file start36.tsv (TSV, C-alpha atoms and all ligand atoms)
chain	number	residue	atom	x	y	z
A	1	MET	CA	-0.02	11.88	24.07
A	2	VAL	CA	0.85	9.15	21.59
A	3	LYS	CA	3.81	9.25	19.23
A	4	ALA	CA	3.69	7.03	16.14
A	5	THR	CA	6.58	6.58	13.72
A	6	VAL	CA	6.43	5.14	10.22
A	7	CYS	CA	9.71	3.75	8.82
A	8	GLY	CA	9.59	3.62	5.04
A	9	ALA	CA	7.06	6.47	5.13
A	10	ALA	CA	7.68	7.72	1.58
A	11	GLY	CA	6.96	4.37	-0.07
A	12	GLY	CA	3.93	2.84	-1.74
A	13	ILE	CA	2.56	1.65	1.59
A	14	GLY	CA	4.24	4.29	3.71
A	15	GLN	CA	2.47	7.30	2.20
A	16	PRO	CA	-1.16	6.13	2.44
A	17	LEU	CA	-0.42	4.48	5.80
A	18	SER	CA	0.99	7.77	7.12
A	19	LEU	CA	-2.12	9.54	5.83
A	20	LEU	CA	-4.39	7.10	7.66
A	21	LEU	CA	-2.36	7.47	10.87
A	22	LYS	CA	-2.56	11.28	10.54
A	23	LEU	CA	-6.34	10.85	10.56
A	24	ASN	CA	-6.23	8.75	13.74
A	25	PRO	CA	-7.35	11.00	16.64
A	26	LEU	CA	-5.40	8.93	19.20
A	27	ILE	CA	-2.08	9.97	17.64
A	28	THR	CA	-0.72	13.35	18.72
A	29	GLU	CA	2.74	13.12	17.13
A	30	LEU	CA	3.49	11.45	13.80
A	31	SER	CA	7.09	10.97	12.80
A	32	LEU	CA	8.00	9.91	9.27
A	33	TYR	CA	11.33	8.28	8.44
A	34	ASP	CA	12.62	7.20	5.05
A	35	VAL	CA	15.87	7.25	3.10
A	36	VAL	CA	14.15	9.56	0.57
A	37	ASN	CA	11.35	12.16	0.52
A	38	ALA	CA	10.20	11.78	4.16
A	39	VAL	CA	10.44	15.54	4.72
A	40	GLY	CA	8.24	16.27	1.71
A	41	VAL	CA	5.61	13.72	2.69
A	42	ALA	CA	5.60	15.14	6.22
A	43	ALA	CA	5.15	18.71	4.95
A	44	ASP	CA	2.23	17.58	2.81
A	45	LEU	CA	0.47	15.68	5.63
A	46	SER	CA	1.14	18.43	8.15
A	47	HIS	CA	-1.47	20.66	6.46
A	48	ILE	CA	-4.31	18.28	7.38
A	49	ALA	CA	-6.36	19.62	10.27
A	50	THR	CA	-6.07	16.74	12.74
A	51	PRO	CA	-4.28	16.67	16.13
A	52	ALA	CA	-1.12	14.80	15.11
A	53	GLN	CA	1.93	17.06	14.65
A	54	VAL	CA	4.00	15.71	11.77
A	55	ALA	CA	7.76	15.75	11.20
A	56	GLY	CA	9.89	14.07	8.54
A	57	PHE	CA	13.41	12.66	8.92
A	58	LEU	CA	16.12	11.44	6.53
A	59	PRO	CA	19.16	9.33	7.51
A	60	ALA	CA	21.60	12.28	7.80
A	61	ASP	CA	22.57	13.34	11.34
A	62	ASN	CA	21.24	10.22	12.99
A	63	GLY	CA	17.80	10.80	11.45
A	64	ALA	CA	16.44	7.34	12.24
A	65	GLU	CA	17.04	7.71	15.97
A	66	LYS	CA	15.73	11.28	15.95
A	67	ALA	CA	12.56	10.14	14.17
A	68	LEU	CA	12.05	7.23	16.56
A	69	GLN	CA	12.95	9.02	19.80
A	70	GLY	CA	10.26	8.28	22.42
A	71	SER	CA	7.83	6.60	20.00
A	72	ASP	CA	4.98	4.59	21.47
A	73	ILE	CA	4.31	2.68	18.27
A	74	VAL	CA	6.48	2.08	15.21
A	75	VAL	CA	5.04	0.77	11.96
A	76	ILE	CA	7.55	-0.56	9.43
A	77	PRO	CA	6.82	-0.85	5.70
A	78	ALA	CA	10.48	-0.18	4.77
A	79	GLY	CA	12.17	-2.28	2.12
A	80	VAL	CA	11.81	-3.57	-1.40
A	81	PRO	CA	8.58	-5.11	-2.73
A	82	ARG	CA	8.19	-8.08	-5.10
A	83	LYS	CA	8.11	-8.07	-8.88
A	84	PRO	CA	6.37	-10.81	-10.92
A	85	GLY	CA	8.19	-14.13	-10.65
A	86	MET	CA	9.65	-13.39	-7.21
A	87	THR	CA	8.78	-14.97	-3.88
A	88	ARG	CA	8.69	-12.94	-0.68
A	89	ASP	CA	11.76	-14.88	0.41
A	90	ASP	CA	13.66	-13.39	-2.56
A	91	LEU	CA	13.42	-10.05	-0.70
A	92	PHE	CA	15.17	-11.40	2.38
A	93	ASN	CA	18.76	-10.36	1.69
A	94	VAL	CA	17.90	-6.70	1.17
A	95	ASN	CA	15.06	-6.35	3.64
A	96	ALA	CA	16.67	-8.26	6.52
A	97	GLY	CA	19.53	-5.74	6.50
A	98	ILE	CA	17.09	-2.81	6.51
A	99	CYS	CA	15.09	-4.39	9.34
A	100	ALA	CA	18.18	-5.08	11.44
A	101	THR	CA	19.32	-1.46	11.09
A	102	LEU	CA	15.89	-0.14	12.06
A	103	ALA	CA	15.68	-2.56	14.99
A	104	GLU	CA	18.99	-1.22	16.31
A	105	ALA	CA	17.67	2.33	16.11
A	106	ILE	CA	14.43	1.32	17.86
A	107	ALA	CA	16.41	-0.42	20.62
A	108	LYS	CA	18.22	2.85	21.31
A	109	ALA	CA	15.48	5.42	20.73
A	110	CYS	CA	12.21	3.78	21.81
A	111	PRO	CA	12.85	0.35	23.37
A	112	LYS	CA	9.36	0.19	24.87
A	113	ALA	CA	7.47	0.86	21.65
A	114	PHE	CA	4.98	-1.46	20.01
A	115	ILE	CA	6.66	-2.66	16.81
A	116	LEU	CA	4.51	-3.57	13.81
A	117	VAL	CA	6.53	-5.24	11.05
A	118	ILE	CA	5.13	-5.09	7.52
A	119	SER	CA	8.40	-5.56	5.57
A	120	ASN	CA	8.60	-8.92	3.79
A	121	PRO	CA	9.28	-11.75	4.17
A	122	VAL	CA	7.38	-11.27	7.45
A	123	ASN	CA	7.99	-14.92	8.42
A	124	SER	CA	11.71	-14.10	8.62
A	125	THR	CA	11.89	-10.33	9.22
A	126	VAL	CA	10.07	-10.61	12.56
A	127	PRO	CA	12.77	-13.01	13.86
A	128	VAL	CA	15.39	-10.53	12.57
A	129	PHE	CA	13.80	-7.81	14.72
A	130	ALA	CA	13.56	-10.11	17.74
A	131	GLU	CA	17.22	-11.13	17.57
A	132	VAL	CA	18.50	-7.54	17.35
A	133	LEU	CA	16.23	-6.48	20.22
A	134	LYS	CA	17.36	-9.49	22.30
A	135	LYS	CA	20.99	-8.62	21.69
A	136	ALA	CA	20.28	-5.07	22.89
A	137	GLY	CA	18.50	-6.49	25.97
A	138	VAL	CA	15.16	-4.84	25.17
A	139	PHE	CA	13.11	-7.63	23.55
A	140	ASP	CA	9.51	-7.69	24.78
A	141	PRO	CA	7.61	-10.41	22.89
A	142	LYS	CA	4.30	-8.85	23.93
A	143	LYS	CA	5.10	-5.81	21.80
A	144	LEU	CA	6.44	-7.28	18.56
A	145	PHE	CA	3.93	-8.04	15.79
A	146	GLY	CA	4.30	-9.34	12.26
A	147	VAL	CA	1.40	-7.68	10.47
A	148	THR	CA	-0.63	-10.40	8.73
A	149	HIS	CA	-3.84	-8.39	8.88
A	150	LEU	CA	-4.04	-8.00	5.09
A	151	ASP	CA	-4.66	-11.76	4.89
A	152	ILE	CA	-7.60	-11.37	7.28
A	153	VAL	CA	-8.97	-8.42	5.30
A	154	ARG	CA	-8.64	-10.44	2.08
A	155	ALA	CA	-10.35	-13.46	3.62
A	156	SER	CA	-13.40	-11.34	4.56
A	157	THR	CA	-13.57	-9.81	1.09
A	158	PHE	CA	-13.09	-13.02	-0.89
A	159	VAL	CA	-15.45	-15.10	1.28
A	160	ALA	CA	-18.22	-12.50	1.04
A	161	THR	CA	-17.73	-12.39	-2.73
A	162	VAL	CA	-18.07	-16.17	-3.10
A	163	VAL	CA	-21.15	-16.15	-0.85
A	164	GLY	CA	-22.65	-13.55	-3.21
A	165	LYS	CA	-22.68	-10.81	-0.56
A	166	ALA	CA	-19.65	-8.78	-1.62
A	167	GLU	CA	-21.18	-5.63	-0.16
A	168	ASP	CA	-21.18	-7.28	3.30
A	169	ALA	CA	-17.43	-8.07	3.27
A	170	SER	CA	-16.77	-6.36	6.59
A	171	LYS	CA	-19.35	-8.58	8.30
A	172	TYR	CA	-17.37	-11.76	7.56
A	173	SER	CA	-14.73	-12.67	10.10
A	174	ILE	CA	-12.35	-15.52	9.24
A	175	PRO	CA	-9.26	-16.22	11.37
A	176	VAL	CA	-6.12	-16.54	9.26
A	177	ILE	CA	-3.20	-18.10	11.14
A	178	GLY	CA	0.29	-19.53	10.43
A	179	GLY	CA	2.45	-17.03	8.59
A	180	HIS	CA	2.46	-14.59	5.69
A	181	ALA	CA	3.60	-16.41	2.54
A	182	GLY	CA	1.79	-18.90	0.30
A	183	ALA	CA	1.24	-22.21	2.06
A	184	THR	CA	2.01	-20.69	5.47
A	185	ILE	CA	-1.16	-18.58	5.18
A	186	LEU	CA	-3.87	-20.74	6.74
A	187	PRO	CA	-7.44	-19.42	6.56
A	188	LEU	CA	-9.76	-21.23	8.96
A	189	LEU	CA	-12.91	-21.28	6.86
A	190	THR	CA	-14.62	-23.68	9.29
A	191	GLN	CA	-14.43	-20.93	11.93
A	192	SER	CA	-15.98	-18.26	9.70
A	193	GLU	CA	-18.56	-16.01	11.33
A	194	PRO	CA	-21.18	-16.04	9.95
A	195	LYS	CA	-20.89	-19.71	8.96
A	196	ILE	CA	-20.35	-20.54	5.28
A	197	VAL	CA	-21.82	-24.04	5.07
A	198	SER	CA	-22.51	-23.89	1.33
A	199	ILE	CA	-18.83	-23.23	0.60
A	200	LEU	CA	-17.51	-25.84	3.01
A	201	SER	CA	-19.61	-28.52	1.37
A	202	ASP	CA	-18.36	-27.68	-2.13
A	203	LYS	CA	-14.75	-28.92	-2.37
A	204	SER	CA	-13.78	-27.09	-5.55
A	205	LYS	CA	-15.23	-23.78	-4.31
A	206	ARG	CA	-13.49	-24.23	-0.98
A	207	ASP	CA	-10.12	-25.11	-2.54
A	208	ALA	CA	-10.31	-22.11	-4.87
A	209	LEU	CA	-11.13	-19.80	-1.98
A	210	VAL	CA	-8.25	-21.05	0.18
A	211	ASN	CA	-5.91	-20.68	-2.79
A	212	ARG	CA	-7.07	-17.13	-3.48
A	213	ILE	CA	-6.49	-16.10	0.15
A	214	GLN	CA	-3.06	-17.77	0.21
A	215	PHE	CA	-1.98	-16.17	-3.06
A	216	GLY	CA	-3.86	-12.84	-2.90
A	217	GLY	CA	-0.53	-11.03	-2.83
A	218	ASP	CA	0.51	-12.64	-6.13
A	219	GLU	CA	-2.76	-11.46	-7.70
A	220	VAL	CA	-1.76	-7.84	-7.01
A	221	VAL	CA	1.91	-8.32	-7.98
A	222	LYS	CA	0.76	-9.74	-11.34
A	223	ALA	CA	-1.79	-6.97	-11.95
A	224	LYS	CA	0.78	-4.25	-11.12
A	225	ASP	CA	3.09	-5.90	-13.66
A	226	GLY	CA	6.46	-4.83	-12.26
A	227	ALA	CA	5.27	-1.72	-10.40
A	228	GLY	CA	5.31	-3.40	-6.99
A	229	SER	CA	2.88	-5.22	-4.73
A	230	ALA	CA	-0.15	-4.38	-2.60
A	231	THR	CA	0.17	-0.88	-1.16
A	232	LEU	CA	-3.26	0.69	-0.64
A	233	SER	CA	-4.96	-2.40	0.80
A	234	MET	CA	-1.88	-2.95	2.97
A	235	ALA	CA	-1.95	0.64	4.19
A	236	GLN	CA	-5.58	0.21	5.20
A	237	ALA	CA	-4.90	-3.13	6.88
A	238	GLY	CA	-1.81	-1.75	8.65
A	239	ALA	CA	-3.69	1.30	9.92
A	240	GLU	CA	-6.56	-0.90	11.12
A	241	PHE	CA	-4.18	-3.20	13.00
A	242	ALA	CA	-2.35	-0.19	14.48
A	243	GLU	CA	-5.74	1.11	15.64
A	244	TYR	CA	-6.40	-2.17	17.52
A	245	VAL	CA	-3.03	-1.88	19.28
A	246	LEU	CA	-3.52	1.82	20.05
A	247	GLN	CA	-7.08	1.39	21.32
A	248	ALA	CA	-5.99	-1.40	23.66
A	249	ALA	CA	-2.90	0.49	24.89
A	250	PHE	CA	-4.13	4.07	25.04
A	251	GLY	CA	-7.85	4.11	24.27
A	252	GLY	CA	-8.94	1.91	27.17
A	253	LYS	CA	-10.66	-0.59	24.85
A	254	SER	CA	-9.58	-4.22	25.12
A	255	SER	CA	-9.48	-5.67	21.63
A	256	LYS	CA	-11.64	-8.21	19.91
A	257	THR	CA	-9.69	-11.33	18.97
A	258	VAL	CA	-7.25	-10.49	16.17
A	259	GLN	CA	-4.42	-12.40	14.53
A	260	ALA	CA	-0.75	-11.48	14.19
A	261	TYR	CA	2.56	-13.27	13.71
A	262	VAL	CA	4.14	-13.27	17.16
A	263	HIS	CA	6.80	-14.90	19.31
A	264	LEU	CA	5.03	-17.68	21.15
A	265	SER	CA	6.72	-16.78	24.45
A	266	ALA	CA	4.52	-13.65	24.56
A	267	ASP	CA	1.99	-15.49	26.71
A	268	ALA	CA	1.56	-18.91	28.36
A	269	GLY	CA	-1.00	-19.68	25.64
A	270	GLY	CA	1.93	-20.05	23.24
A	271	GLU	CA	2.73	-23.48	24.72
A	272	GLN	CA	-0.80	-24.64	23.90
A	273	ILE	CA	-0.26	-23.47	20.30
A	274	LYS	CA	2.91	-25.59	20.06
A	275	LYS	CA	0.85	-28.61	21.11
A	276	GLU	CA	-1.92	-27.81	18.64
A	277	ILE	CA	0.49	-27.41	15.72
A	278	GLY	CA	2.63	-30.36	16.83
A	279	ALA	CA	5.88	-28.42	16.43
A	280	ASP	CA	8.27	-26.41	18.56
A	281	LEU	CA	8.17	-23.26	16.43
A	282	ASP	CA	9.01	-19.96	18.12
A	283	TYR	CA	6.74	-17.89	15.88
A	284	PHE	CA	3.25	-18.39	14.53
A	285	SER	CA	0.38	-16.16	13.54
A	286	VAL	CA	-2.22	-16.78	16.22
A	287	ASN	CA	-5.37	-15.44	17.78
A	288	ILE	CA	-4.48	-12.77	20.31
A	289	LYS	CA	-6.20	-10.44	22.74
A	290	LEU	CA	-4.53	-7.06	23.12
A	291	GLY	CA	-4.30	-4.98	26.28
A	292	ALA	CA	-2.41	-2.02	27.70
A	293	GLY	CA	0.93	-3.83	27.45
A	294	GLY	CA	0.41	-5.38	24.03
A	295	ILE	CA	-0.34	-9.10	23.77
A	296	GLU	CA	-2.46	-9.96	26.78
A	297	LYS	CA	-3.38	-13.48	25.73
A	298	ILE	CA	-2.51	-15.98	23.05
A	299	LEU	CA	-5.69	-17.94	22.43
A	300	PRO	CA	-5.92	-21.52	21.17
A	301	ILE	CA	-6.45	-22.29	17.49
A	302	GLY	CA	-9.49	-24.34	18.44
A	303	GLU	CA	-11.28	-26.93	16.38
A	304	ILE	CA	-10.27	-27.39	12.76
A	305	ASP	CA	-11.29	-30.05	10.25
A	306	GLU	CA	-9.21	-32.63	8.32
A	307	GLN	CA	-8.58	-30.34	5.35
A	308	GLU	CA	-7.33	-27.60	7.64
A	309	LYS	CA	-5.12	-30.10	9.50
A	310	THR	CA	-3.44	-30.96	6.17
A	311	LEU	CA	-2.94	-27.25	5.42
A	312	LEU	CA	-1.58	-26.74	8.93
A	313	ALA	CA	1.05	-29.45	8.42
A	314	ALA	CA	2.16	-27.76	5.17
A	315	ALA	CA	2.30	-24.35	6.88
A	316	VAL	CA	4.40	-25.67	9.76
A	317	LYS	CA	6.81	-27.40	7.36
A	318	GLU	CA	7.46	-24.20	5.42
A	319	LEU	CA	7.60	-21.89	8.43
A	320	GLY	CA	10.41	-23.67	10.28
A	321	PRO	CA	13.19	-22.86	7.77
A	322	SER	CA	11.89	-19.26	7.31
A	323	ILE	CA	12.08	-18.67	11.06
A	324	ASP	CA	15.58	-20.17	11.23
A	325	LYS	CA	16.74	-17.99	8.37
A	326	GLY	CA	15.57	-14.81	10.14
A	327	SER	CA	16.88	-15.89	13.55
A	328	LYS	CA	20.34	-16.69	12.17
A	329	PHE	CA	20.68	-13.52	10.09
A	330	GLN	CA	23.92	-11.69	10.79
A	331	PRO	CA	23.76	-8.02	9.87
A	332	PRO	CA	26.86	-6.91	7.93
A	333	PRO	CA	29.24	-4.85	10.10
A	334	PRO	CA	28.51	-1.08	9.88
B	401	LIG	P1	8.16	0.73	-1.74
B	401	LIG	O1	9.42	0.45	-2.45
B	401	LIG	O2	7.10	1.49	-2.44
B	401	LIG	O3	8.47	1.53	-0.38
B	401	LIG	C1	9.46	1.11	0.51
B	401	LIG	C2	10.05	2.35	1.15
B	401	LIG	O4	11.06	1.92	2.07
B	401	LIG	C3	10.74	3.29	0.14
B	401	LIG	O5	10.23	4.60	0.26
B	401	LIG	C4	12.20	3.23	0.52
B	401	LIG	O6	12.89	4.44	0.30
B	401	LIG	C5	12.10	2.88	2.00
B	401	LIG	N1	13.34	2.35	2.55
B	401	LIG	C6	14.27	1.58	1.96
B	401	LIG	N2	15.29	1.35	2.80
B	401	LIG	C7	14.98	1.99	3.96
B	401	LIG	C8	15.64	2.13	5.21
B	401	LIG	N3	16.84	1.58	5.43
B	401	LIG	N4	15.03	2.86	6.16
B	401	LIG	C9	13.83	3.42	5.94
B	401	LIG	N5	13.17	3.34	4.78
B	401	LIG	C10	13.74	2.63	3.80
B	401	LIG	O7	7.59	-0.66	-1.21
B	401	LIG	P2	6.13	-0.96	-0.63
B	401	LIG	O8	5.24	-1.39	-1.73
B	401	LIG	O9	5.71	0.17	0.24
B	401	LIG	O10	6.44	-2.27	0.27
B	401	LIG	C11	7.25	-2.18	1.40
B	401	LIG	C12	7.43	-3.55	2.02
B	401	LIG	O11	6.19	-4.06	2.54
B	401	LIG	C13	7.92	-4.64	1.05
B	401	LIG	O12	8.88	-5.45	1.66
B	401	LIG	C14	6.66	-5.45	0.75
B	401	LIG	O13	6.94	-6.77	0.35
B	401	LIG	C15	5.99	-5.39	2.11
B	401	LIG	N6	4.55	-5.73	2.12
B	401	LIG	C16	4.09	-6.44	3.16
B	401	LIG	C17	2.75	-6.75	3.25
B	401	LIG	C18	2.22	-7.55	4.41
B	401	LIG	O14	1.10	-8.05	4.33
B	401	LIG	N7	2.93	-7.67	5.51
B	401	LIG	C19	1.87	-6.30	2.26
B	401	LIG	C20	2.37	-5.56	1.21
B	401	LIG	C21	3.74	-5.27	1.13
B	402	LIG	C1	0.89	-9.16	0.08
B	402	LIG	O1	0.43	-10.17	0.61
B	402	LIG	O2	0.23	-8.47	-0.71
B	402	LIG	C2	2.28	-8.71	0.43
B	402	LIG	O3	2.94	-9.67	1.21
B	402	LIG	C3	3.09	-8.30	-0.76
B	402	LIG	C4	3.48	-9.43	-1.65
B	402	LIG	O4	4.67	-9.53	-1.97
B	402	LIG	O5	2.60	-10.20	-2.06
call {"tool": "encode", "arguments": {"input": "start36.tsv", "output": "C-alpha cells", "more": "lines below"}}
Ligand code: NAD
Ligand code: LMR
result
Amino acid sequence: MVKATVCGAAGGIGQPLSLLLKLNPLITELSLYDVVNAVGVAADLSHIATPAQVAGFLPADNGAEKALQGSDIVVIPAGVPRKPGMTRDDLFNVNAGICATLAEAIAKACPKAFILVISNPVNSTVPVFAEVLKKAGVFDPKKLFGVTHLDIVRASTFVATVVGKAEDASKYSIPVIGGHAGATILPLLTQSEPKIVSILSDKSKRDALVNRIQFGGDEVVKAKDGAGSATLSMAQAGAEFAEYVLQAAFGGKSSKTVQAYVHLSADAGGEQIKKEIGADLDYFSVNIKLGAGGIEKILPIGEIDEQEKTLLAAAVKELGPSIDKGSKFQPPPP
C-alpha cells in the first residue's frame, strides 16, 4: 500500500505528473492537492483503470493536511513558473512561501514521507523545506530530494543528438551534478556512458553542448513565449525519479546511481563531496544510491578534467548564496 501526494497537481507539471503516477502500479492511493481544480483533475484521473484510488483536495477545511495525511511520497510542483527574461531566482519570493506552507503541512501530516521538490528555484527551495522540517523536529536528510532529473534527461537527449544517434537518447547516461540553475548545472561529459570521445576532443562542440544542458530550461521558456516553462518533460522526469525512489523503498529494487540535490549530511559520503568541491556547502546535487530508507549512499564525484574543474568552481560560487537565501528564509506569520 503506497500513498503518493502531488502538491500543485492542477498545474502544467502537476496534471501530466499525476497522470503518470496514476499509471504507476506501485501506487495504491493518489492524493491531489492544489489551490484550484484539484477535485476536477482527480475526478478525471479516477476513471483510469489502474490500482491507485484518486482523491482531490482544495485548501478549505485543512485540505492540505487532509491530502497529505499518511503519504509515503510527496511530489511538489507547486508554485509559479518563469516567463522570458526571468531567472529561477526571480521566483523565490512567491515560491519560498508556498514551499514553507507545504513543508509545515507535511511535517504534521506525513513526517516520514519522501519529499521530492520540483518548485523553483530548487537550489533555494530545498533549504526552505529542510529548515521548516528541522524546526518541526522531523527533518530526515535521507528523504528530501531536489529533483534535478530533468537535467539528466536533457543531457542524454542532447548528447545523443550531437553524436548523431538521437534515437538512442535513452542509452546515454551522463551524470549532472551541482544544482539546478544555469552555471550550477554541471554535466560531467567525461563520465558519459557510452564514451563520447569525438565530442570531448572538439572544444566548440563540447562548449555548445554544456551550454545547451545548462540553459535547456531557457530554451523551453523562450519557445513557450510567456506561457510558462517545461511541463511535459518535467512531468516525465519527475515521474521517473519518483519511480526510482518507490522501487528502492517499496519495490525491493536497489537503484542504479542517480543524481539529486540533497543535504550532504544524508550520508557520510557527503564529507567526501565537500573535499572534492573544496567548499563547505550543505547542499549539492550528487550521485546517490537509493534504498528502503531513501538515500543509502552519497557517492564521490570521481575523476573530472580541467574544463569540468573550472565549471565546478563556477557552480560552487553561485550555489553558496542560493543555499543561504533558502536557509535564511522566514515565512511570513500566518
Ligand atoms: P503552473 O503555474 O502551471 O502550476 C503550478 C500549480 O501550483 C498551479 O496549479 C497552482 O495553482 C499551484 N499552486 C500555487 N500555490 C499553491 C499552493 N500554495 N499549494 C498548492 N498548489 C499551489 O506551473 P508549472 O509549469 O507546473 O511549474 C511549477 C513549478 O515547477 C515552477 O516553480 C517551475 O519553475 C518549476 N519547475 C521545476 C523544474 C525542475 O527541473 N525542478 C522543471 C520545470 C518547472
Ligand atoms: C527547467 O529547467 O526547465 C525548469 O527549471 C524550469 C525553468 O524555469 O527553466
call {"tool": "residues_near_ligand", "arguments": {"input": "start36.tsv", "ligand": "ligand LIG 402 (chain B)", "cutoff": "8 Å", "atoms": "only C-alpha atoms and all ligand atoms", "output": "PyMOL selection string"}}
result
chain A and resi 81-83+87-88+120-122+150-151+180-181+215-221+228-231+234
call {"tool": "residues_around", "arguments": {"input": "start36.tsv", "residues": "Asn287 in chain A", "least_positions_apart": "6", "cutoff": "6 Å", "atoms": "all atoms listed in the file", "output": "list of chain:residue names"}}
result
A:Val258, A:Gln259, A:Leu299
call {"tool": "closest_residue", "arguments": {"input": "start36.tsv", "among": "A:Gly238, A:Pro84, A:Pro127, A:Gly70", "to": "ligand LIG 401 (chain B)", "atoms": "all atoms listed in the file"}}
result
A:Gly238
call {"tool": "atom_distance", "arguments": {"input": "start36.tsv", "atom1": "CA of Glu167 in chain A", "atom2": "atom N6 of ligand LIG 401 (chain B)"}}
result
25.8 Å
call {"tool": "closest_atom_pairs", "arguments": {"input": "start36.tsv", "of": "range 210-329 of chain A", "to": "range 18-34 of chain A", "cutoff": "10 Å", "atoms": "all atoms listed in the file", "output": "JSON lines"}}
result
{"residue": "A:Ala235", "atom": "CA", "partner": "A:Leu20", "partner_atom": "CA", "distance": 7.7}
{"residue": "A:Gln236", "atom": "CA", "partner": "A:Leu20", "partner_atom": "CA", "distance": 7.4}
{"residue": "A:Gly238", "atom": "CA", "partner": "A:Leu20", "partner_atom": "CA", "distance": 9.3}
{"residue": "A:Ala239", "atom": "CA", "partner": "A:Leu20", "partner_atom": "CA", "distance": 6.3}
{"residue": "A:Glu240", "atom": "CA", "partner": "A:Leu20", "partner_atom": "CA", "distance": 9.0}
{"residue": "A:Ala242", "atom": "CA", "partner": "A:Leu21", "partner_atom": "CA", "distance": 8.5}
{"residue": "A:Glu243", "atom": "CA", "partner": "A:Asn24", "partner_atom": "CA", "distance": 7.9}
{"residue": "A:Leu246", "atom": "CA", "partner": "A:Leu26", "partner_atom": "CA", "distance": 7.4}
{"residue": "A:Gln247", "atom": "CA", "partner": "A:Leu26", "partner_atom": "CA", "distance": 8.0}
{"residue": "A:Phe250", "atom": "CA", "partner": "A:Leu26", "partner_atom": "CA", "distance": 7.7}
{"residue": "A:Gly251", "atom": "CA", "partner": "A:Leu26", "partner_atom": "CA", "distance": 7.4}
call {"tool": "build_atoms", "arguments": {"input": "start36.tsv", "residues": "range 250-261 of chain A", "atoms": "N, CA and C atoms", "output": "PDB file, in the coordinates of the input"}}
result
ATOM      1  N   PHE A 250      -3.921   2.675  24.637  1.00  0.00           N
ATOM      2  CA  PHE A 250      -4.130   4.070  25.040  1.00  0.00           C
ATOM      3  C   PHE A 250      -5.597   4.501  25.015  1.00  0.00           C
ATOM      4  N   GLY A 251      -6.457   3.700  24.418  1.00  0.00           N
ATOM      5  CA  GLY A 251      -7.850   4.110  24.270  1.00  0.00           C
ATOM      6  C   GLY A 251      -8.764   3.435  25.277  1.00  0.00           C
ATOM      7  N   GLY A 252      -8.163   2.569  26.112  1.00  0.00           N
ATOM      8  CA  GLY A 252      -8.940   1.910  27.170  1.00  0.00           C
ATOM      9  C   GLY A 252      -9.907   0.857  26.647  1.00  0.00           C
ATOM     10  N   LYS A 253      -9.761   0.420  25.399  1.00  0.00           N
ATOM     11  CA  LYS A 253     -10.660  -0.590  24.850  1.00  0.00           C
ATOM     12  C   LYS A 253      -9.895  -1.886  24.659  1.00  0.00           C
ATOM     13  N   SER A 254     -10.265  -2.962  25.381  1.00  0.00           N
ATOM     14  CA  SER A 254      -9.580  -4.220  25.120  1.00  0.00           C
ATOM     15  C   SER A 254     -10.063  -4.735  23.763  1.00  0.00           C
ATOM     16  N   SER A 255      -9.181  -5.382  23.038  1.00  0.00           N
ATOM     17  CA  SER A 255      -9.480  -5.670  21.630  1.00  0.00           C
ATOM     18  C   SER A 255     -10.388  -6.874  21.489  1.00  0.00           C
ATOM     19  N   LYS A 256     -11.043  -6.945  20.323  1.00  0.00           N
ATOM     20  CA  LYS A 256     -11.640  -8.210  19.910  1.00  0.00           C
ATOM     21  C   LYS A 256     -10.475  -9.153  19.594  1.00  0.00           C
ATOM     22  N   THR A 257     -10.772 -10.416  19.328  1.00  0.00           N
ATOM     23  CA  THR A 257      -9.690 -11.330  18.970  1.00  0.00           C
ATOM     24  C   THR A 257      -9.181 -10.962  17.579  1.00  0.00           C
ATOM     25  N   VAL A 258      -7.858 -10.781  17.474  1.00  0.00           N
ATOM     26  CA  VAL A 258      -7.250 -10.490  16.170  1.00  0.00           C
ATOM     27  C   VAL A 258      -6.105 -11.482  15.970  1.00  0.00           C
ATOM     28  N   GLN A 259      -5.552 -11.505  14.764  1.00  0.00           N
ATOM     29  CA  GLN A 259      -4.420 -12.400  14.530  1.00  0.00           C
ATOM     30  C   GLN A 259      -3.191 -11.590  14.133  1.00  0.00           C
ATOM     31  N   ALA A 260      -2.036 -12.052  14.613  1.00  0.00           N
ATOM     32  CA  ALA A 260      -0.750 -11.480  14.190  1.00  0.00           C
ATOM     33  C   ALA A 260       0.314 -12.554  14.378  1.00  0.00           C
ATOM     34  N   TYR A 261       1.433 -12.331  13.677  1.00  0.00           N
ATOM     35  CA  TYR A 261       2.560 -13.270  13.710  1.00  0.00           C
ATOM     36  C   TYR A 261       3.464 -12.858  14.875  1.00  0.00           C
TER      37      TYR A 261
END
